[in-house]
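Here is the file run.cif (mmCIF, C-alpha atoms and all ligand atoms).
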```cif
data_input
#
loop_
_atom_site.label_atom_id
_atom_site.label_comp_id
_atom_site.auth_asym_id
_atom_site.auth_seq_id
_atom_site.Cartn_x
_atom_site.Cartn_y
_atom_site.Cartn_z
CA PRO R 1 90.82 165.42 -60.38
CA PRO R 2 89.09 162.19 -61.47
CA ALA R 3 89.84 160.31 -58.23
CA VAL R 4 87.97 162.91 -56.22
CA ASP R 5 85.07 162.89 -58.69
CA ARG R 6 84.50 159.23 -58.03
CA LEU R 7 84.82 159.84 -54.30
CA GLU R 8 81.60 161.84 -54.50
CA GLN R 9 79.69 158.59 -55.01
CA ILE R 10 80.57 157.53 -51.47
CA PRO R 11 78.10 158.72 -48.83
CA ILE R 12 79.24 161.18 -46.20
CA ILE R 13 79.53 160.27 -42.51
CA ARG R 14 78.83 163.25 -40.27
CA LYS R 15 80.82 163.68 -37.07
CA ASP R 16 77.60 164.75 -35.35
CA ASP R 17 76.14 161.31 -36.18
CA LEU R 18 79.00 159.41 -34.52
CA PRO R 19 77.53 159.37 -30.97
CA ALA R 20 74.32 157.73 -32.26
CA LEU R 21 76.23 155.38 -34.59
CA GLN R 22 78.49 154.25 -31.76
CA ALA R 23 75.53 153.80 -29.42
CA SER R 24 73.65 151.67 -31.94
CA GLU R 25 76.63 149.46 -32.70
CA PRO R 26 79.01 149.65 -29.74
CA PRO R 27 81.69 150.51 -29.28
CA PHE R 28 82.80 152.10 -32.58
CA GLY R 29 79.69 152.09 -34.77
CA GLY R 30 81.15 149.37 -36.97
CA LEU R 31 83.83 151.71 -38.31
CA VAL R 32 86.90 150.05 -36.80
CA ALA R 33 88.34 147.50 -39.19
CA VAL R 34 90.53 145.51 -36.79
CA ASP R 35 89.92 143.43 -33.68
CA PRO R 36 89.69 145.88 -30.72
CA GLY R 37 92.50 143.92 -29.08
CA ARG R 38 94.88 145.29 -31.71
CA LEU R 39 94.28 148.93 -30.82
CA GLN R 40 96.85 150.89 -28.83
CA ARG R 41 94.48 153.13 -26.91
CA ILE R 42 90.83 154.15 -26.77
CA PHE R 43 89.89 157.77 -26.04
CA ALA R 44 86.60 159.47 -25.25
CA SER R 45 86.05 162.90 -26.75
CA PRO R 46 83.14 165.12 -25.78
CA GLY R 47 79.98 164.02 -27.57
CA PRO R 48 80.58 161.42 -26.30
CA ILE R 49 82.64 159.97 -29.13
CA LEU R 50 85.05 157.06 -28.71
CA ASP R 51 88.28 157.53 -30.65
CA PRO R 52 90.40 154.43 -31.36
CA GLN R 53 94.16 154.58 -31.82
CA GLY R 54 95.47 151.87 -34.13
CA GLU R 55 98.98 150.59 -34.59
CA GLY R 56 102.10 152.54 -35.46
CA GLU R 57 104.39 154.97 -33.65
CA ASP R 58 102.71 158.00 -35.25
CA PHE R 59 99.16 156.79 -35.83
CA TRP R 60 97.77 160.30 -36.33
CA ARG R 61 100.58 161.48 -38.69
CA PHE R 62 101.81 164.55 -36.79
CA ARG R 63 105.54 164.01 -37.31
CA ILE R 64 105.53 165.82 -40.64
CA ALA R 65 104.11 168.98 -39.06
CA PHE R 66 106.69 169.13 -36.29
CA ALA R 67 109.46 168.68 -38.82
CA ALA R 68 108.06 171.54 -40.93
CA ALA R 69 107.91 173.74 -37.83
CA GLY R 70 111.63 173.30 -37.14
CA PHE R 71 111.50 170.66 -34.41
CA ARG R 72 114.49 168.32 -34.56
CA ALA R 73 115.56 165.00 -33.03
CA GLY R 74 116.90 165.56 -29.52
CA ASP R 75 114.84 168.71 -28.86
CA ILE R 76 113.12 168.77 -25.49
CA VAL R 77 109.44 169.52 -26.05
CA MET R 78 106.75 170.61 -23.59
CA ASN R 79 103.53 168.91 -24.61
CA SER R 80 100.89 171.01 -22.87
CA SER R 81 97.86 169.18 -24.22
CA ALA R 82 95.56 166.90 -22.31
CA TYR R 83 96.43 163.21 -22.02
CA HIS R 84 93.24 162.33 -20.15
CA LEU R 85 90.54 160.62 -22.18
CA THR R 86 90.85 163.02 -25.12
CA PRO R 87 93.50 162.12 -27.71
CA LEU R 88 95.36 165.39 -28.35
CA GLY R 89 98.07 164.72 -25.75
CA PHE R 90 99.06 161.38 -27.27
CA MET R 91 98.63 162.71 -30.81
CA LEU R 92 101.29 165.36 -30.28
CA ASP R 93 103.39 163.10 -28.07
CA ASN R 94 103.58 160.38 -30.73
CA GLY R 95 104.35 162.83 -33.52
CA ALA R 96 107.17 164.48 -31.60
CA ARG R 97 108.55 161.14 -30.42
CA ALA R 98 108.49 159.79 -33.98
CA LEU R 99 110.72 162.69 -34.93
CA GLY R 100 113.10 161.87 -32.07
CA CYS R 101 112.14 164.67 -29.69
CA VAL R 102 112.19 164.23 -25.93
CA VAL R 103 108.66 164.88 -24.68
CA ILE R 104 107.56 166.30 -21.34
CA PRO R 105 103.96 165.09 -20.94
CA ALA R 106 102.91 168.30 -19.20
CA GLY R 107 99.20 168.21 -19.98
CA THR R 108 96.98 171.17 -19.21
CA GLY R 109 96.97 173.38 -16.14
CA GLN R 110 99.57 173.73 -13.34
CA THR R 111 101.04 176.70 -15.16
CA ASP R 112 103.72 177.58 -12.57
CA LEU R 113 104.94 174.00 -12.40
CA GLN R 114 105.12 173.82 -16.19
CA VAL R 115 107.20 177.03 -16.24
CA ARG R 116 109.60 175.60 -13.66
CA VAL R 117 109.98 172.29 -15.50
CA ALA R 118 110.45 173.96 -18.90
CA CYS R 119 113.19 176.18 -17.48
CA ALA R 120 114.86 173.37 -15.52
CA VAL R 121 115.27 171.16 -18.59
CA ARG R 122 115.79 174.08 -21.03
CA ALA R 123 112.80 173.01 -23.13
CA LYS R 124 113.27 174.11 -26.71
CA GLY R 125 109.84 173.30 -28.13
CA TYR R 126 106.20 173.73 -27.23
CA ALA R 127 103.23 171.73 -28.52
CA GLY R 128 99.64 172.46 -27.53
CA THR R 129 96.99 175.14 -27.84
CA PRO R 130 98.00 178.70 -28.74
CA SER R 131 96.20 180.31 -25.80
CA PHE R 132 98.04 178.15 -23.27
CA LEU R 133 101.35 178.89 -24.97
CA TYR R 134 100.66 182.59 -24.44
CA THR R 135 99.69 181.94 -20.80
CA LEU R 136 102.90 179.96 -20.16
CA LEU R 137 105.15 182.57 -21.75
CA LYS R 138 103.53 185.42 -19.82
CA ARG R 139 103.73 183.50 -16.56
CA GLY R 140 107.40 182.72 -17.14
CA ARG R 141 108.09 186.40 -17.60
CA GLU R 142 106.08 187.34 -14.48
CA LEU R 143 108.05 184.83 -12.43
CA GLY R 144 111.34 186.22 -13.72
CA THR R 145 112.12 182.92 -15.45
CA PRO R 146 111.43 183.43 -19.16
CA LEU R 147 110.86 180.20 -21.04
CA PRO R 148 113.76 179.10 -23.25
CA LEU R 149 111.45 178.06 -26.12
CA GLU R 150 112.72 178.40 -29.70
CA VAL R 151 110.05 176.52 -31.64
CA ALA R 152 106.33 176.13 -31.07
CA TRP R 153 103.53 174.29 -32.83
CA VAL R 154 99.88 174.83 -32.03
CA ILE R 155 96.55 173.20 -32.79
CA GLY R 156 93.09 172.74 -31.30
CA GLU R 157 91.95 176.35 -31.26
CA MET R 158 91.60 179.25 -33.62
CA PHE R 159 94.97 180.97 -33.97
CA PRO R 160 94.18 184.58 -34.88
CA ASP R 161 96.80 186.84 -36.45
CA SER R 162 96.69 189.12 -33.39
CA LEU R 163 97.89 186.27 -31.16
CA ARG R 164 100.51 185.18 -33.68
CA SER R 165 101.96 188.69 -33.84
CA ASP R 166 101.88 189.11 -30.03
CA LEU R 167 103.84 185.86 -29.70
CA ARG R 168 106.34 187.09 -32.26
CA ASP R 169 106.67 190.66 -30.94
CA GLU R 170 106.58 189.97 -27.22
CA PHE R 171 108.36 186.61 -27.11
CA HIS R 172 110.30 186.39 -30.41
CA LEU R 173 108.63 183.11 -31.19
CA ASP R 174 107.58 182.22 -34.72
CA VAL R 175 104.67 179.84 -34.15
CA LEU R 176 103.26 177.45 -36.76
CA GLN R 177 99.89 175.76 -36.61
CA GLY R 178 98.07 172.71 -37.87
CA TYR R 179 94.57 171.42 -38.30
CA GLY R 180 93.10 168.05 -37.44
CA THR R 181 90.35 166.32 -35.53
CA ALA R 182 90.18 163.71 -32.78
CA ASP R 183 88.81 161.20 -35.29
CA LEU R 184 91.02 161.85 -38.31
CA GLY R 185 94.32 163.01 -36.83
CA LEU R 186 96.38 165.63 -38.65
CA LEU R 187 94.92 166.89 -41.91
CA ALA R 188 96.91 170.04 -42.70
CA TYR R 189 99.90 171.98 -41.37
CA GLU R 190 101.79 175.19 -42.02
CA CYS R 191 105.24 175.42 -43.50
CA ALA R 192 107.54 178.35 -42.70
CA GLU R 193 106.00 180.31 -45.60
CA LYS R 194 102.58 180.19 -43.87
CA GLY R 195 99.75 181.54 -46.08
CA GLY R 196 97.60 178.49 -45.33
CA MET R 197 98.20 174.89 -44.31
CA HIS R 198 99.50 172.26 -46.71
CA LEU R 199 97.22 169.24 -46.90
CA HIS R 200 98.75 166.12 -45.41
CA PRO R 201 99.90 163.91 -48.30
CA GLU R 202 98.16 160.83 -46.85
CA CYS R 203 94.64 162.33 -46.71
CA ILE R 204 92.09 163.53 -49.19
CA LEU R 205 90.47 166.73 -48.08
CA GLU R 206 87.37 168.20 -49.67
CA VAL R 207 85.71 171.53 -48.95
CA LEU R 208 82.03 171.14 -49.81
CA ASP R 209 79.61 173.98 -50.47
CA LEU R 210 77.27 174.33 -47.48
CA GLU R 211 74.15 174.43 -49.65
CA THR R 212 74.85 172.21 -52.65
CA GLY R 213 77.42 169.78 -51.24
CA ALA R 214 79.53 170.24 -54.39
CA GLN R 215 83.26 171.02 -54.24
CA ALA R 216 83.66 174.65 -53.24
CA ALA R 217 85.94 176.81 -55.37
CA PRO R 218 89.18 178.09 -53.78
CA GLY R 219 88.42 180.94 -51.40
CA GLN R 220 84.79 179.84 -51.02
CA PRO R 221 83.72 178.56 -47.60
CA GLY R 222 82.50 175.01 -47.18
CA GLN R 223 82.44 172.07 -44.84
CA ILE R 224 85.72 170.19 -44.47
CA VAL R 225 85.26 166.52 -45.36
CA ALA R 226 88.26 164.22 -45.10
CA THR R 227 89.17 160.72 -46.14
CA ILE R 228 91.93 158.69 -44.49
CA PHE R 229 93.02 155.17 -45.31
CA ASP R 230 94.20 153.91 -41.95
CA PRO R 231 93.92 150.10 -41.80
CA ALA R 232 92.44 150.20 -38.28
CA TYR R 233 90.17 153.22 -38.56
CA PRO R 234 89.60 154.11 -42.19
CA LEU R 235 87.19 157.02 -42.55
CA LEU R 236 85.76 157.74 -45.97
CA ARG R 237 84.30 161.19 -46.51
CA PHE R 238 84.09 162.07 -42.85
CA ALA R 239 82.34 165.43 -42.44
CA THR R 240 84.09 167.29 -39.65
CA GLY R 241 81.54 170.07 -39.07
CA ASP R 242 84.41 172.54 -39.47
CA ILE R 243 84.02 175.28 -42.04
CA GLY R 244 87.09 176.23 -44.07
CA ALA R 245 88.22 177.31 -47.50
CA MET R 246 90.92 176.09 -49.86
CA ALA R 247 93.64 178.51 -50.90
CA SER R 248 94.02 179.39 -54.59
CA PRO R 249 96.50 177.02 -56.22
CA SER R 250 100.00 178.48 -56.24
CA LYS R 251 103.57 177.32 -55.95
CA CYS R 252 104.79 177.44 -52.33
CA ALA R 253 108.32 178.72 -51.85
CA CYS R 254 108.99 175.87 -49.42
CA GLY R 255 108.93 173.38 -52.31
CA ARG R 256 105.99 171.31 -51.08
CA THR R 257 103.47 170.68 -53.83
CA ALA R 258 100.46 169.80 -51.68
CA PRO R 259 97.56 172.30 -51.95
CA LYS R 260 96.77 174.51 -48.99
CA LEU R 261 93.77 174.95 -46.78
CA ALA R 262 93.49 178.73 -46.53
CA GLY R 263 92.08 178.60 -43.03
CA LEU R 264 89.25 177.72 -40.72
CA LEU R 265 86.19 179.90 -40.57
CA GLY R 266 84.05 178.36 -37.86
CA ARG R 267 81.77 175.46 -37.04
CA MET R 268 78.51 174.04 -38.32
CA GLY R 269 75.69 172.90 -36.10
CA ASP R 270 75.41 172.95 -32.37
CA ALA R 271 79.01 172.51 -31.23
CA VAL R 272 81.32 175.41 -30.40
CA LYS R 273 84.99 175.03 -29.54
CA VAL R 274 85.98 176.75 -26.29
CA LYS R 275 89.49 176.49 -24.84
CA GLY R 276 90.19 173.77 -27.41
CA MET R 277 87.22 171.60 -26.37
CA PHE R 278 83.82 171.21 -27.96
CA ILE R 279 80.79 172.31 -25.97
CA ARG R 280 77.30 171.49 -27.19
CA GLY R 281 74.00 173.19 -26.49
CA ALA R 282 72.30 169.80 -26.08
CA GLU R 283 74.83 168.79 -23.42
CA ILE R 284 74.18 171.96 -21.40
CA GLU R 285 70.42 171.62 -21.77
CA LYS R 286 70.54 168.06 -20.50
CA ALA R 287 72.51 169.08 -17.39
CA LEU R 288 70.10 171.91 -16.66
CA LYS R 289 67.04 169.60 -16.91
CA ALA R 290 67.77 168.72 -13.27
CA PHE R 291 66.99 172.32 -12.29
CA PRO R 292 63.35 173.00 -13.16
CA ALA R 293 63.68 176.49 -11.67
CA VAL R 294 65.84 177.44 -14.66
CA ALA R 295 63.35 178.76 -17.20
CA ARG R 296 65.89 179.69 -19.89
CA PHE R 297 69.63 179.67 -20.27
CA GLN R 298 72.33 180.83 -22.58
CA ALA R 299 76.04 180.02 -22.66
CA VAL R 300 78.03 183.07 -23.72
CA VAL R 301 81.54 182.69 -25.15
CA THR R 302 83.82 185.72 -25.23
CA ARG R 303 87.54 186.32 -25.61
CA ASP R 304 89.85 188.60 -23.66
CA HIS R 305 93.65 188.82 -23.82
CA HIS R 306 93.80 185.73 -26.08
CA GLN R 307 91.82 183.60 -23.63
CA ASP R 308 88.34 182.16 -24.08
CA HIS R 309 85.74 182.80 -21.40
CA LEU R 310 82.55 180.82 -20.89
CA GLU R 311 79.65 182.19 -18.89
CA TYR R 312 76.23 180.65 -18.32
CA VAL R 313 73.33 183.02 -17.84
CA LEU R 314 70.31 181.43 -16.15
CA GLU R 315 66.89 183.00 -16.14
CA VAL R 316 65.02 181.73 -13.11
CA ALA R 317 61.27 181.12 -13.32
CA PRO R 318 59.17 183.73 -11.50
CA GLY R 319 58.90 182.93 -7.80
CA ALA R 320 61.47 180.13 -8.04
CA ALA R 321 65.05 180.03 -6.74
CA VAL R 322 68.13 178.16 -7.88
CA ASP R 323 71.37 177.33 -6.09
CA VAL R 324 73.97 178.74 -8.48
CA ALA R 325 76.80 176.72 -6.89
CA LEU R 326 74.90 173.46 -7.45
CA VAL R 327 74.21 174.38 -11.07
CA ALA R 328 77.86 175.25 -11.56
CA GLU R 329 78.83 171.83 -10.21
CA ALA R 330 76.39 170.01 -12.50
CA LEU R 331 77.65 171.95 -15.52
CA ARG R 332 81.26 171.19 -14.61
CA ASP R 333 80.42 167.47 -14.65
CA ALA R 334 78.54 167.66 -17.95
CA VAL R 335 80.68 170.09 -19.92
CA LYS R 336 84.43 169.70 -20.13
CA VAL R 337 85.12 173.42 -20.11
CA ARG R 338 84.83 175.40 -16.90
CA GLY R 339 82.43 178.33 -16.99
CA GLU R 340 81.03 180.91 -14.63
CA VAL R 341 77.36 180.84 -13.73
CA ARG R 342 75.15 183.81 -13.01
CA THR R 343 71.44 184.57 -13.07
CA GLY R 344 69.98 187.19 -15.36
CA PRO R 345 67.48 187.72 -18.14
CA VAL R 346 67.73 185.54 -21.25
CA PRO R 347 65.77 186.58 -24.35
CA GLU R 348 63.10 184.19 -25.57
CA ASN R 349 64.36 181.97 -28.42
CA ALA R 350 67.95 182.88 -27.54
CA ARG R 351 70.58 180.62 -29.08
CA ARG R 352 71.80 178.04 -26.54
CA ILE R 353 75.38 179.07 -27.17
CA ASP R 354 76.15 182.65 -28.14
CA ASP R 355 79.68 182.79 -29.53
CA ARG R 356 80.69 186.46 -29.42
CA ARG R 357 84.36 185.98 -30.24
CA VAL R 358 85.82 187.90 -33.14
CA TRP R 359 88.90 186.36 -34.79
CA LYS R 360 91.37 188.80 -36.21
ZN ZN R 401 104.95 175.60 -48.13
#
```
In structure tokens, what does this structure look like?
Amino acid sequence: PPAVDRLEQIPIIRKDDLPALQASEPPFGGLVAVDPGRLQRIFASPGPILDPQGEGEDFWRFRIAFAAAGFRAGDIVMNSSAYHLTPLGFMLDNGARALGCVVIPAGTGQTDLQVRVACAVRAKGYAGTPSFLYTLLKRGRELGTPLPLEVAWVIGEMFPDSLRSDLRDEFHLDVLQGYGTADLGLLAYECAEKGGMHLHPECILEVLDLETGAQAAPGQPGQIVATIFDPAYPLLRFATGDIGAMASPSKCACGRTAPKLAGLLGRMGDAVKVKGMFIRGAEIEKALKAFPAVARFQAVVTRDHHQDHLEYVLEVAPGAAVDVALVAEALRDAVKVRGEVRTGPVPENARRIDDRRVWK
């Protein structure tokens, strides 16, 4: 389409460049178009990246996705995503509220308490990451108080088919997902037909070939680059670092005409998403600088029973010793995701983060 052709003349802003941009021109790198006093909230995502929230009851545009997933006004919704510093909690909260849902700001963790509250108020909906949804449902069953959920919408993590079918077969829950980022808000969401995520009508989404930077053909992987026109935080050609592919054009039985993102395929660069949060090799390396006894390290990400696991392997220099508990504490402060720490051999030139998860 001609509009997108002309878009290609605009330079790309890379998400990985945001920390440096924001540091050189605090606080927002010159990208916020309104007086900071007119923002609603300011968040801090790992990076660190500051994320502004401008005006409006549904600043990040999530309402449309909840509506497509069967949420309705008056539904009581557990929002099990973090409200602290990172924006996902408020993103989902605002979207559900805009639709007229009653939101329980449950946040992450405290699984047993969340089960009790969801049962006490007969929560009908769930919003949050897919792995925590599975945890909550299993815990409810273990406690003899199955959750009364009827609708669920997930984001923030890969949502493999195996988890989707376990949720359907074990808990009779048909779960829909969406895709977005802390900077851009919602970009795409599933309708009941699934088969990819419809692009949000208020964004332009490009999938750019990883080598040439040209528009990738449907089915071909590329970096997801998005443009949003928010008056407070307009982002033109913002390169997310996420790799995805567009679906082949076809008529969706739901009646929506927006094209579909076929799915997400992974990440570019140094960041890896674990338990819904980004971890970065540079971040880990910086924290471990305080422990000269650590000669080499590797963070290993695996997946078991639909849950991510993070383990740090430290190779200690010959003749040196390291207090594993102290290292664990330093890593907990530096990296938002909790991981186990052990000592062991690490191959020379090992990748800083070894993501061994297989999505199927
Ligand atoms: Zn559809």
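Between CA of Lys289 in chain R and CA of Gln307 in chain R the separation is 29.2 Å.
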At a cut-off of 9 Å around ligand ZN 401 (chain R), and using all atoms listed in the file, what residues come up? Please write them as a PyMOL selection string. chain R and resi 68+190-198+251-260
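Counting from CA of Gly156 in chain R, the distance to CA of Ala123 in chain R is 21.3 Å.
By all atoms listed in the file, and with residues fewer than 4 positions from Arg296 in chain R along its chain excluded, the set lying at most 12 Å from it is R:Ile284, R:Glu285, R:Leu288, R:Lys289, R:Phe291, R:Pro292, R:Tyr312, R:Val313, R:Leu314, R:Glu315, R:Val316, R:Ala317, R:Pro318, R:Thr343, R:Gly344, R:Pro345, R:Val346, R:Pro347, R:Glu348, R:Asn349, R:Ala350, R:Arg351, R:Arg352, R:Ile353.
Of the listed residues R:His84, R:Arg72, R:Lys138, R:Arg357, the one whose atoms come nearest to Ser45 in chain R is R:His84, with distances taken using all atoms listed in the file.
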Please measure the separation of CA of Gln298 in chain R and CA of Pro48 in chain R, giving the value in Å to one decimal. 21.4 Å
Would you pick out the contacts of range 168-170 of chain R at 12 Å or less, using only C-alpha atoms, so that residues sharing its chain but fewer than 3 positions from it are not included, and give the list as a CSV table (one decimal) with C-alpha atoms, keeping the file's coordinate frame?
```
chain,number,residue,atom,x,y,z
R,134,TYR,CA,100.7,182.6,-24.4
R,137,LEU,CA,105.2,182.6,-21.8
R,138,LYS,CA,103.5,185.4,-19.8
R,141,ARG,CA,108.1,186.4,-17.6
R,146,PRO,CA,111.4,183.4,-19.2
R,150,GLU,CA,112.7,178.4,-29.7
R,151,VAL,CA,110.0,176.5,-31.6
R,152,ALA,CA,106.3,176.1,-31.1
R,161,ASP,CA,96.8,186.8,-36.4
R,162,SER,CA,96.7,189.1,-33.4
R,163,LEU,CA,97.9,186.3,-31.2
R,164,ARG,CA,100.5,185.2,-33.7
R,165,SER,CA,102.0,188.7,-33.8
R,173,LEU,CA,108.6,183.1,-31.2
R,174,ASP,CA,107.6,182.2,-34.7
R,175,VAL,CA,104.7,179.8,-34.2
R,176,LEU,CA,103.3,177.4,-36.8
```
Could you give me, as a count of residues only, the residues that have an atom at most 7 Å away from the point (90.2, 178.5, -44.9) in the coordinates of the file, using all atoms listed in the file? 9
Within 9 Å of Glu206 in chain R using all atoms listed in the file, minus same-chain residues under 6 positions, as a list in words: Val4, Gln215, Ala216, Gly222, Gln223, Ile224, Val225, Ala226, Thr227, Arg237 and Met246 of chain R
Show me, as a list in words, the residues that have an atom within 8 Å of range 91-98 of chain R when counting all atoms listed in the file, minus same-chain residues fewer than 5 positions from it. Glu57, Asp58, Phe59, Trp60, Arg61, Phe62, Arg63, Ile64, Phe66, Val77, Asn79, Ser81, Val103, Pro105, Ala127, Gly128 and Gly185 of chain R
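If all atoms listed in the file are the atoms counted, then among R:Leu235, R:Ala188, R:Ala321, R:Met158 the closest residue to Arg267 in chain R is R:Met158.
Considering all atoms listed in the file, the residue among R:Gly213, R:Ala67, R:Arg338, R:Glu142 positioned nearest to Ala239 in chain R is R:Gly213.
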Pick out the residues sitting within 12 Å of Arg280 in chain R, and hand them over as a list in words; count only C-alpha atoms, and ignore anything fewer than 6 positions along from it in its own chain. Asp16, Pro46, Gly47, Pro48, Arg267, Met268, Gly269, Asp270, Ala271, Val272, Lys273, Val274, Lys286, Ala287, Gln298, Ala299, Leu331, Ala334, Val335, Lys336, Val337, Arg351, Arg352, Ile353, Asp354 and Asp355 of chain R
Could you write those residues out with C-alpha atoms, as a PDB file, keeping the file's coordinate frame?
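Writing done, so here's part.pdb:
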```pdb
ATOM      1  CA  ASP R  16      77.600 164.750 -35.350  1.00  0.00           C
ATOM      2  CA  PRO R  46      83.140 165.120 -25.780  1.00  0.00           C
ATOM      3  CA  GLY R  47      79.980 164.020 -27.570  1.00  0.00           C
ATOM      4  CA  PRO R  48      80.580 161.420 -26.300  1.00  0.00           C
ATOM      5  CA  ARG R 267      81.770 175.460 -37.040  1.00  0.00           C
ATOM      6  CA  MET R 268      78.510 174.040 -38.320  1.00  0.00           C
ATOM      7  CA  GLY R 269      75.690 172.900 -36.100  1.00  0.00           C
ATOM      8  CA  ASP R 270      75.410 172.950 -32.370  1.00  0.00           C
ATOM      9  CA  ALA R 271      79.010 172.510 -31.230  1.00  0.00           C
ATOM     10  CA  VAL R 272      81.320 175.410 -30.400  1.00  0.00           C
ATOM     11  CA  LYS R 273      84.990 175.030 -29.540  1.00  0.00           C
ATOM     12  CA  VAL R 274      85.980 176.750 -26.290  1.00  0.00           C
ATOM     13  CA  LYS R 286      70.540 168.060 -20.500  1.00  0.00           C
ATOM     14  CA  ALA R 287      72.510 169.080 -17.390  1.00  0.00           C
ATOM     15  CA  GLN R 298      72.330 180.830 -22.580  1.00  0.00           C
ATOM     16  CA  ALA R 299      76.040 180.020 -22.660  1.00  0.00           C
ATOM     17  CA  LEU R 331      77.650 171.950 -15.520  1.00  0.00           C
ATOM     18  CA  ALA R 334      78.540 167.660 -17.950  1.00  0.00           C
ATOM     19  CA  VAL R 335      80.680 170.090 -19.920  1.00  0.00           C
ATOM     20  CA  LYS R 336      84.430 169.700 -20.130  1.00  0.00           C
ATOM     21  CA  VAL R 337      85.120 173.420 -20.110  1.00  0.00           C
ATOM     22  CA  ARG R 351      70.580 180.620 -29.080  1.00  0.00           C
ATOM     23  CA  ARG R 352      71.800 178.040 -26.540  1.00  0.00           C
ATOM     24  CA  ILE R 353      75.380 179.070 -27.170  1.00  0.00           C
ATOM     25  CA  ASP R 354      76.150 182.650 -28.140  1.00  0.00           C
ATOM     26  CA  ASP R 355      79.680 182.790 -29.530  1.00  0.00           C
TER      27      ASP R 355
END
```
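Counting only C-alpha atoms and comparing R:Tyr83, R:Phe171, R:Ala290, R:Arg6, the residue that lies closest to Ala330 in chain R is R:Ala290.
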Show me, as lines of an AutoDock Vina configuration file, the centre and edge lengths in Å to one decimal of the axis-aligned box that covers every listed atom of range 183-196 of chain R with 5 Å on each side.
```
center_x = 98.2
center_y = 171.4
center_z = -40.7
size_x = 28.7
size_y = 30.3
size_z = 20.8
```
In terms of all atoms listed in the file, the residue from R:His306, R:Lys15, R:Arg139, R:Arg41 at minimal distance from Val115 in chain R is R:Arg139
